[in-house]
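File shown: work-v7.txt (compact mmCIF, N, CA and C atoms).
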# COMPACT_ATOMS: atom_id res chain seq x y z
N MET C 425 97.62 24.33 -102.26
CA MET C 425 97.85 25.76 -102.16
C MET C 425 96.97 26.33 -101.04
N PRO C 426 97.56 27.06 -100.12
CA PRO C 426 96.78 27.60 -98.99
C PRO C 426 95.72 28.60 -99.45
N VAL C 427 94.66 28.69 -98.67
CA VAL C 427 93.61 29.67 -98.91
C VAL C 427 94.20 31.05 -98.58
N ASP C 428 93.85 32.04 -99.39
CA ASP C 428 94.37 33.40 -99.24
C ASP C 428 93.85 34.07 -97.97
N GLN C 429 94.76 34.55 -97.15
CA GLN C 429 94.43 35.19 -95.87
C GLN C 429 93.54 36.42 -96.05
N SER C 430 93.55 37.02 -97.24
CA SER C 430 92.73 38.22 -97.47
C SER C 430 91.23 37.92 -97.43
N LEU C 431 90.85 36.65 -97.36
CA LEU C 431 89.43 36.29 -97.26
C LEU C 431 88.82 36.66 -95.92
N VAL C 432 89.65 36.78 -94.88
CA VAL C 432 89.13 37.09 -93.55
C VAL C 432 88.40 38.43 -93.58
N GLY C 433 87.16 38.40 -93.12
CA GLY C 433 86.32 39.59 -93.11
C GLY C 433 85.44 39.73 -94.35
N ARG C 434 85.68 38.92 -95.35
CA ARG C 434 84.89 39.00 -96.58
C ARG C 434 83.48 38.48 -96.34
N VAL C 435 82.50 39.24 -96.81
CA VAL C 435 81.09 38.88 -96.70
C VAL C 435 80.61 38.43 -98.08
N PHE C 436 79.99 37.28 -98.14
CA PHE C 436 79.51 36.74 -99.40
C PHE C 436 78.04 37.10 -99.58
N PRO C 437 77.55 37.11 -100.82
CA PRO C 437 76.14 37.48 -101.06
C PRO C 437 75.19 36.53 -100.34
N PRO C 438 74.03 37.04 -99.95
CA PRO C 438 73.05 36.19 -99.28
C PRO C 438 72.55 35.07 -100.19
N THR C 439 72.12 34.00 -99.56
CA THR C 439 71.51 32.90 -100.30
C THR C 439 70.17 33.36 -100.88
N ARG C 440 69.65 32.56 -101.76
CA ARG C 440 68.29 32.83 -102.25
C ARG C 440 67.32 32.66 -101.08
N ALA C 441 66.18 33.30 -101.17
CA ALA C 441 65.19 33.19 -100.10
C ALA C 441 64.70 31.75 -99.98
N HIS C 442 64.62 31.29 -98.75
CA HIS C 442 64.18 29.92 -98.46
C HIS C 442 62.88 29.99 -97.67
N PRO C 443 61.76 29.60 -98.31
CA PRO C 443 60.50 29.58 -97.56
C PRO C 443 60.47 28.39 -96.61
N VAL C 444 60.16 28.64 -95.36
CA VAL C 444 60.03 27.58 -94.37
C VAL C 444 58.57 27.15 -94.37
N THR C 445 58.33 25.91 -94.78
CA THR C 445 56.98 25.37 -94.79
C THR C 445 56.92 24.19 -93.83
N ALA C 446 55.72 23.85 -93.41
CA ALA C 446 55.56 22.68 -92.56
C ALA C 446 56.07 21.42 -93.27
N ASP C 447 55.86 21.34 -94.59
CA ASP C 447 56.36 20.19 -95.35
C ASP C 447 57.88 20.13 -95.35
N HIS C 448 58.55 21.29 -95.51
CA HIS C 448 60.02 21.32 -95.48
C HIS C 448 60.53 20.89 -94.11
N VAL C 449 59.91 21.41 -93.06
CA VAL C 449 60.33 21.06 -91.71
C VAL C 449 60.09 19.57 -91.45
N ALA C 450 58.93 19.05 -91.87
CA ALA C 450 58.63 17.64 -91.69
C ALA C 450 59.65 16.76 -92.42
N ALA C 451 60.04 17.14 -93.64
CA ALA C 451 61.03 16.37 -94.39
C ALA C 451 62.38 16.40 -93.68
N PHE C 452 62.77 17.57 -93.15
CA PHE C 452 64.02 17.69 -92.41
C PHE C 452 63.98 16.79 -91.18
N VAL C 453 62.91 16.84 -90.42
CA VAL C 453 62.78 16.03 -89.21
C VAL C 453 62.80 14.54 -89.56
N ALA C 454 62.10 14.17 -90.63
CA ALA C 454 62.08 12.76 -91.05
C ALA C 454 63.49 12.29 -91.44
N ALA C 455 64.25 13.16 -92.10
CA ALA C 455 65.62 12.82 -92.51
C ALA C 455 66.54 12.61 -91.31
N THR C 456 66.17 13.19 -90.19
CA THR C 456 66.98 13.02 -88.98
C THR C 456 66.40 11.96 -88.05
N GLY C 457 65.39 11.23 -88.53
CA GLY C 457 64.83 10.11 -87.79
C GLY C 457 63.72 10.45 -86.82
N GLY C 458 63.16 11.64 -86.93
CA GLY C 458 62.10 12.03 -86.01
C GLY C 458 60.76 12.17 -86.71
N GLU C 459 59.80 12.64 -85.94
CA GLU C 459 58.47 12.93 -86.47
C GLU C 459 58.12 14.36 -86.10
N TYR C 460 57.57 15.08 -87.06
CA TYR C 460 57.21 16.48 -86.85
C TYR C 460 55.72 16.57 -86.53
N ASP C 461 55.40 17.22 -85.42
CA ASP C 461 54.00 17.34 -85.03
C ASP C 461 53.54 18.80 -85.05
N GLY C 462 54.22 19.62 -85.84
CA GLY C 462 53.86 21.03 -85.96
C GLY C 462 54.70 21.89 -85.03
N GLY C 463 54.49 23.19 -85.12
CA GLY C 463 55.22 24.13 -84.28
C GLY C 463 56.53 24.56 -84.89
N PRO C 464 57.43 25.10 -84.06
CA PRO C 464 58.72 25.59 -84.55
C PRO C 464 59.56 24.47 -85.15
N ALA C 465 60.48 24.87 -86.02
CA ALA C 465 61.43 23.93 -86.60
C ALA C 465 62.45 23.52 -85.53
N PRO C 466 63.08 22.37 -85.69
CA PRO C 466 64.12 21.97 -84.74
C PRO C 466 65.27 22.98 -84.73
N ALA C 467 66.00 23.01 -83.65
CA ALA C 467 67.09 23.97 -83.48
C ALA C 467 68.16 23.86 -84.57
N THR C 468 68.30 22.69 -85.18
CA THR C 468 69.33 22.50 -86.21
C THR C 468 68.83 22.82 -87.62
N TYR C 469 67.58 23.18 -87.77
CA TYR C 469 67.03 23.44 -89.11
C TYR C 469 67.82 24.50 -89.91
N PRO C 470 68.33 25.56 -89.31
CA PRO C 470 69.06 26.56 -90.10
C PRO C 470 70.30 26.03 -90.81
N ILE C 471 70.71 24.79 -90.52
CA ILE C 471 71.84 24.21 -91.26
C ILE C 471 71.50 24.13 -92.75
N VAL C 472 70.22 24.02 -93.08
CA VAL C 472 69.80 23.99 -94.48
C VAL C 472 70.32 25.24 -95.20
N LEU C 473 70.12 26.40 -94.59
CA LEU C 473 70.59 27.65 -95.18
C LEU C 473 72.09 27.83 -95.03
N ALA C 474 72.62 27.48 -93.86
CA ALA C 474 74.06 27.64 -93.63
C ALA C 474 74.86 26.77 -94.62
N PHE C 475 74.36 25.58 -94.92
CA PHE C 475 75.05 24.70 -95.86
C PHE C 475 75.00 25.28 -97.28
N GLU C 476 73.86 25.87 -97.65
CA GLU C 476 73.77 26.51 -98.96
C GLU C 476 74.76 27.68 -99.05
N ALA C 477 74.86 28.47 -97.98
CA ALA C 477 75.81 29.59 -97.97
C ALA C 477 77.25 29.08 -98.04
N MET C 478 77.54 27.99 -97.31
CA MET C 478 78.88 27.43 -97.34
C MET C 478 79.23 26.91 -98.73
N ASN C 479 78.30 26.22 -99.38
CA ASN C 479 78.57 25.73 -100.73
C ASN C 479 78.81 26.86 -101.72
N ALA C 480 78.07 27.96 -101.58
CA ALA C 480 78.28 29.13 -102.46
C ALA C 480 79.67 29.72 -102.21
N PHE C 481 80.08 29.79 -100.95
CA PHE C 481 81.43 30.27 -100.60
C PHE C 481 82.49 29.37 -101.23
N LEU C 482 82.35 28.05 -101.06
CA LEU C 482 83.33 27.12 -101.62
C LEU C 482 83.42 27.25 -103.13
N GLU C 483 82.27 27.37 -103.78
CA GLU C 483 82.26 27.52 -105.24
C GLU C 483 82.92 28.83 -105.66
N ALA C 484 82.60 29.92 -104.97
CA ALA C 484 83.17 31.23 -105.32
C ALA C 484 84.69 31.24 -105.18
N GLU C 485 85.19 30.47 -104.22
CA GLU C 485 86.63 30.44 -103.97
C GLU C 485 87.33 29.23 -104.60
N SER C 486 86.59 28.47 -105.41
CA SER C 486 87.12 27.28 -106.09
C SER C 486 87.73 26.28 -105.11
N LEU C 487 87.06 26.10 -103.99
CA LEU C 487 87.48 25.10 -103.01
C LEU C 487 86.58 23.88 -103.18
N GLU C 488 87.19 22.71 -103.25
CA GLU C 488 86.44 21.49 -103.53
C GLU C 488 85.85 20.91 -102.24
N LEU C 489 84.56 20.60 -102.29
CA LEU C 489 83.85 20.08 -101.12
C LEU C 489 84.51 18.80 -100.59
N HIS C 490 85.03 17.96 -101.47
CA HIS C 490 85.63 16.70 -100.99
C HIS C 490 86.91 16.94 -100.18
N ARG C 491 87.43 18.15 -100.17
CA ARG C 491 88.61 18.49 -99.36
C ARG C 491 88.22 19.14 -98.02
N ILE C 492 86.91 19.26 -97.77
CA ILE C 492 86.43 19.94 -96.56
C ILE C 492 86.02 18.91 -95.51
N VAL C 493 86.49 19.13 -94.29
CA VAL C 493 86.00 18.38 -93.13
C VAL C 493 85.30 19.41 -92.25
N HIS C 494 84.06 19.11 -91.90
CA HIS C 494 83.27 20.03 -91.08
C HIS C 494 83.63 19.78 -89.63
N GLY C 495 84.28 20.77 -89.01
CA GLY C 495 84.81 20.57 -87.67
C GLY C 495 83.87 20.92 -86.54
N GLU C 496 83.05 21.93 -86.70
CA GLU C 496 82.19 22.37 -85.61
C GLU C 496 81.07 23.23 -86.19
N GLN C 497 79.93 23.22 -85.51
CA GLN C 497 78.78 24.06 -85.90
C GLN C 497 78.07 24.50 -84.64
N ARG C 498 77.77 25.79 -84.57
CA ARG C 498 77.02 26.34 -83.43
C ARG C 498 75.90 27.23 -83.94
N PHE C 499 74.84 27.31 -83.14
CA PHE C 499 73.69 28.15 -83.45
C PHE C 499 73.39 29.04 -82.26
N ALA C 500 73.07 30.30 -82.52
CA ALA C 500 72.63 31.23 -81.47
C ALA C 500 71.35 31.89 -81.98
N TYR C 501 70.28 31.70 -81.24
CA TYR C 501 68.96 32.14 -81.69
C TYR C 501 68.51 33.46 -81.10
N GLU C 502 67.83 34.23 -81.93
CA GLU C 502 67.09 35.40 -81.50
C GLU C 502 65.63 35.02 -81.27
N ARG C 503 65.16 34.07 -82.10
CA ARG C 503 63.80 33.55 -81.98
C ARG C 503 63.73 32.23 -82.73
N PRO C 504 62.71 31.41 -82.48
CA PRO C 504 62.59 30.14 -83.20
C PRO C 504 62.29 30.36 -84.70
N VAL C 505 62.67 29.39 -85.49
CA VAL C 505 62.29 29.34 -86.90
C VAL C 505 60.93 28.66 -86.96
N VAL C 506 59.99 29.27 -87.67
CA VAL C 506 58.64 28.72 -87.74
C VAL C 506 58.17 28.68 -89.19
N PRO C 507 57.27 27.73 -89.52
CA PRO C 507 56.67 27.73 -90.84
C PRO C 507 56.06 29.11 -91.13
N GLY C 508 56.25 29.56 -92.35
CA GLY C 508 55.81 30.89 -92.74
C GLY C 508 56.98 31.86 -92.86
N ASP C 509 58.11 31.53 -92.20
CA ASP C 509 59.31 32.35 -92.35
C ASP C 509 59.84 32.24 -93.78
N GLU C 510 60.47 33.29 -94.24
CA GLU C 510 61.25 33.26 -95.48
C GLU C 510 62.63 33.75 -95.08
N LEU C 511 63.62 32.85 -95.16
CA LEU C 511 64.94 33.12 -94.60
C LEU C 511 66.03 33.18 -95.65
N THR C 512 67.06 33.96 -95.36
CA THR C 512 68.28 33.98 -96.16
C THR C 512 69.47 33.89 -95.20
N ALA C 513 70.60 33.45 -95.72
CA ALA C 513 71.82 33.35 -94.93
C ALA C 513 72.92 34.14 -95.63
N THR C 514 73.66 34.91 -94.85
CA THR C 514 74.80 35.67 -95.36
C THR C 514 76.05 35.22 -94.61
N LEU C 515 77.00 34.64 -95.36
CA LEU C 515 78.21 34.06 -94.77
C LEU C 515 79.34 35.08 -94.78
N THR C 516 80.08 35.10 -93.66
CA THR C 516 81.29 35.90 -93.53
C THR C 516 82.43 34.98 -93.12
N VAL C 517 83.61 35.17 -93.72
CA VAL C 517 84.79 34.44 -93.28
C VAL C 517 85.33 35.18 -92.06
N ALA C 518 85.27 34.52 -90.91
CA ALA C 518 85.64 35.15 -89.64
C ALA C 518 87.10 34.96 -89.27
N SER C 519 87.67 33.83 -89.68
CA SER C 519 89.07 33.56 -89.33
C SER C 519 89.67 32.56 -90.32
N LEU C 520 90.98 32.55 -90.36
CA LEU C 520 91.70 31.61 -91.23
C LEU C 520 93.10 31.43 -90.67
N ARG C 521 93.48 30.18 -90.51
CA ARG C 521 94.85 29.89 -90.11
C ARG C 521 95.28 28.60 -90.80
N GLN C 522 96.56 28.44 -90.97
CA GLN C 522 97.10 27.25 -91.60
C GLN C 522 97.83 26.43 -90.54
N ILE C 523 97.53 25.13 -90.52
CA ILE C 523 98.18 24.20 -89.61
C ILE C 523 98.49 22.91 -90.38
N GLY C 524 99.74 22.53 -90.42
CA GLY C 524 100.14 21.26 -91.03
C GLY C 524 99.69 21.10 -92.47
N GLY C 525 99.71 22.17 -93.23
CA GLY C 525 99.30 22.11 -94.63
C GLY C 525 97.79 22.17 -94.85
N ASN C 526 97.03 22.36 -93.78
CA ASN C 526 95.58 22.48 -93.87
C ASN C 526 95.15 23.89 -93.50
N ASP C 527 94.04 24.32 -94.08
CA ASP C 527 93.46 25.62 -93.75
C ASP C 527 92.32 25.40 -92.76
N ILE C 528 92.33 26.13 -91.66
CA ILE C 528 91.25 26.08 -90.69
C ILE C 528 90.46 27.37 -90.89
N ILE C 529 89.26 27.23 -91.44
CA ILE C 529 88.45 28.38 -91.83
C ILE C 529 87.28 28.52 -90.87
N GLY C 530 87.17 29.66 -90.22
CA GLY C 530 86.04 29.95 -89.36
C GLY C 530 85.05 30.82 -90.12
N THR C 531 83.80 30.41 -90.14
CA THR C 531 82.76 31.19 -90.82
C THR C 531 81.64 31.52 -89.84
N THR C 532 80.95 32.60 -90.13
CA THR C 532 79.71 32.91 -89.44
C THR C 532 78.65 33.16 -90.51
N SER C 533 77.43 32.84 -90.20
CA SER C 533 76.32 33.13 -91.10
C SER C 533 75.21 33.78 -90.30
N GLN C 534 74.68 34.84 -90.84
CA GLN C 534 73.53 35.51 -90.23
C GLN C 534 72.30 35.05 -90.99
N ILE C 535 71.36 34.45 -90.28
CA ILE C 535 70.10 33.98 -90.86
C ILE C 535 69.06 35.06 -90.55
N THR C 536 68.51 35.66 -91.60
CA THR C 536 67.54 36.74 -91.41
C THR C 536 66.22 36.39 -92.08
N ASP C 537 65.15 37.03 -91.58
CA ASP C 537 63.83 36.82 -92.18
C ASP C 537 63.58 37.84 -93.27
N ALA C 538 62.40 37.79 -93.87
CA ALA C 538 62.07 38.65 -95.02
C ALA C 538 62.12 40.13 -94.67
N SER C 539 61.96 40.48 -93.40
CA SER C 539 62.03 41.89 -92.99
C SER C 539 63.46 42.33 -92.72
N GLY C 540 64.41 41.37 -92.76
CA GLY C 540 65.81 41.68 -92.47
C GLY C 540 66.18 41.47 -91.02
N ALA C 541 65.23 41.04 -90.19
CA ALA C 541 65.50 40.82 -88.77
C ALA C 541 66.32 39.55 -88.58
N LEU C 542 67.29 39.61 -87.67
CA LEU C 542 68.11 38.45 -87.36
C LEU C 542 67.28 37.40 -86.64
N VAL C 543 67.32 36.18 -87.15
CA VAL C 543 66.62 35.05 -86.54
C VAL C 543 67.63 34.17 -85.79
N CYS C 544 68.77 33.94 -86.43
CA CYS C 544 69.76 33.01 -85.90
C CYS C 544 71.12 33.35 -86.45
N SER C 545 72.15 33.17 -85.65
CA SER C 545 73.53 33.26 -86.11
C SER C 545 74.14 31.87 -86.02
N THR C 546 74.94 31.53 -87.01
CA THR C 546 75.64 30.25 -86.96
C THR C 546 77.13 30.51 -87.06
N SER C 547 77.90 29.61 -86.51
CA SER C 547 79.35 29.64 -86.72
C SER C 547 79.79 28.23 -87.03
N ALA C 548 80.78 28.13 -87.89
CA ALA C 548 81.28 26.82 -88.31
C ALA C 548 82.79 26.87 -88.43
N THR C 549 83.40 25.74 -88.17
CA THR C 549 84.83 25.56 -88.42
C THR C 549 84.95 24.54 -89.54
N LEU C 550 85.64 24.94 -90.59
CA LEU C 550 85.86 24.07 -91.75
C LEU C 550 87.35 23.80 -91.87
N VAL C 551 87.71 22.56 -92.06
CA VAL C 551 89.10 22.20 -92.30
C VAL C 551 89.23 21.90 -93.78
N HIS C 552 90.02 22.71 -94.46
CA HIS C 552 90.28 22.50 -95.89
C HIS C 552 91.60 21.74 -95.97
N ARG C 553 91.50 20.46 -96.33
CA ARG C 553 92.67 19.60 -96.38
C ARG C 553 93.56 19.99 -97.54
N GLY C 554 94.84 20.12 -97.25
CA GLY C 554 95.82 20.43 -98.30
C GLY C 554 96.04 19.25 -99.20
N ALA C 555 96.78 19.50 -100.26
CA ALA C 555 97.08 18.43 -101.21
C ALA C 555 97.94 17.36 -100.54
N ALA C 556 97.70 16.10 -100.94
CA ALA C 556 98.44 14.99 -100.34
C ALA C 556 99.89 14.99 -100.76
Produce structure tokens that represent the structure in this file.
Amino acid sequence: MPVDQSLVGRVFPPTRAHPVTADHVAAFVAATGGEYDGGPAPATYPIVLAFEAMNAFLEAESLELHRIVHGEQRFAYERPVVPGDELTATLTVASLRQIGGNDIIGTTSQITDASGALVCSTSATLVHRGAA
């Protein structure tokens, strides 16, 4: 069953606050095969929040993760993410189209700090595979 077109423009509730600690950043870097020597988080670190926002969206819309193919991810920064930040992500469904029985869902997420200032914007393309 196709995803409802009325989702376009819908804004989902922000994620829970995510404290950025040196330990969290080090664990993220280690999981990607690197070593963290302090300073700002890697440019891909906000995926931690964007993925949480995406999972909340999928759950709210009863879309199964095993039917999702992650097609693209982009980040646009206002400033680096650094230990001491407390971040949240707010996901918006930006676009939706159906092709060959699949839903192509475009999302954006605004990553903000505890003061509400924009730190990073993300955009993702998700392919929701239709029933076989």
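Atom N of C:Leu482 sits 14.2 Å away from atom C of C:Val432.
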Check: Between C:Arg521, C:Arg503, C:Arg498, C:His448, which has the minimum distance to C:Ala548 (counting all atoms listed in the file)?
Finding: C:Arg498
Note to self: Report, in Å to a single decimal, how far apart atom C of C:Gly495 and atom C of C:Thr456 are.
What the structure shows: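 Here the two named atoms are 19.7 Å from each other.
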Check: What's the 8 Å shell around C:Gly463, counting all atoms listed in the file, without same-chain residues fewer than 5 positions away, as a PyMOL selection string?
Finding: chain C and resi 446+505-507
Notebook entry, point to check: Running DSSP on the backbone, which parts of stretch 429-545 of chain C land in alpha helix (DSSP H), as a VMD selection string?
Noted result: chain C and resid 446 to 455 471 to 484
Checklist line | Radius query 9 Å about (70.9, 33.2, -86.7), atoms used: only C-alpha atoms, as a list in words | finding: Pro470, Phe499, Ala500, Tyr501, Glu502, Arg503, Ala513, Ser533, Gln534, Ile535, Thr536, Leu542, Val543, Cys544, Ser545 and Thr546 of chain C
Check: Using all atoms listed in the file, which residue out of C:Ala474, C:Thr532, C:Pro504, C:Ala454 lies closest to C:Val517?
Finding: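 Closest to C:Val517, using all atoms listed in the file: C:Thr532.
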Centre and edge lengths, as JSON, for the axis-aligned box enclosing every listed atom of stretch 436-454 of chain C with 8 Å of padding on each of the six sides, in Å to one decimal?
{"center_x": 67.8, "center_y": 24.9, "center_z": -95.7, "size_x": 40.4, "size_y": 41.2, "size_z": 29.0}
Item checked: 6.5 Å contact set for C:Asp537, all atoms listed in the file, chain neighbours under 6 positions out, as a PyMOL selection string -> chain C and resi 509-512+543
Next item on the list: Figure out the distance between atom CA of C:Ala518 and atom C of C:Pro443, please, to one decimal in Å.
Entry: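 Separation between atom C of C:Pro443 and atom CA of C:Ala518: 27.0 Å.
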Nearby residues (only N, CA and C atoms) at most 8 Å from C:His494, same-chain spacing under 2 positions excluded, as a short mmCIF file (atom, residue, chain, number, x, y, z; two decimals) with N, CA and C atoms, in the coordinates of the input:
data_model
loop_
_atom_site.label_atom_id
_atom_site.label_comp_id
_atom_site.auth_asym_id
_atom_site.auth_seq_id
_atom_site.Cartn_x
_atom_site.Cartn_y
_atom_site.Cartn_z
N ARG C 491 87.43 18.15 -100.17
CA ARG C 491 88.61 18.49 -99.36
C ARG C 491 88.22 19.14 -98.02
N ILE C 492 86.91 19.26 -97.77
CA ILE C 492 86.43 19.94 -96.56
C ILE C 492 86.02 18.91 -95.51
N GLU C 496 83.05 21.93 -86.70
CA GLU C 496 82.19 22.37 -85.61
C GLU C 496 81.07 23.23 -86.19
N GLN C 497 79.93 23.22 -85.51
CA GLN C 497 78.78 24.06 -85.90
C GLN C 497 78.07 24.50 -84.64
N ALA C 548 80.78 28.13 -87.89
CA ALA C 548 81.28 26.82 -88.31
C ALA C 548 82.79 26.87 -88.43
N THR C 549 83.40 25.74 -88.17
CA THR C 549 84.83 25.56 -88.42
C THR C 549 84.95 24.54 -89.54
N LEU C 550 85.64 24.94 -90.59
CA LEU C 550 85.86 24.07 -91.75
C LEU C 550 87.35 23.80 -91.87
N VAL C 551 87.71 22.56 -92.06
CA VAL C 551 89.10 22.20 -92.30
C VAL C 551 89.23 21.90 -93.78
N HIS C 552 90.02 22.71 -94.46
CA HIS C 552 90.28 22.50 -95.89
C HIS C 552 91.60 21.74 -95.97
#
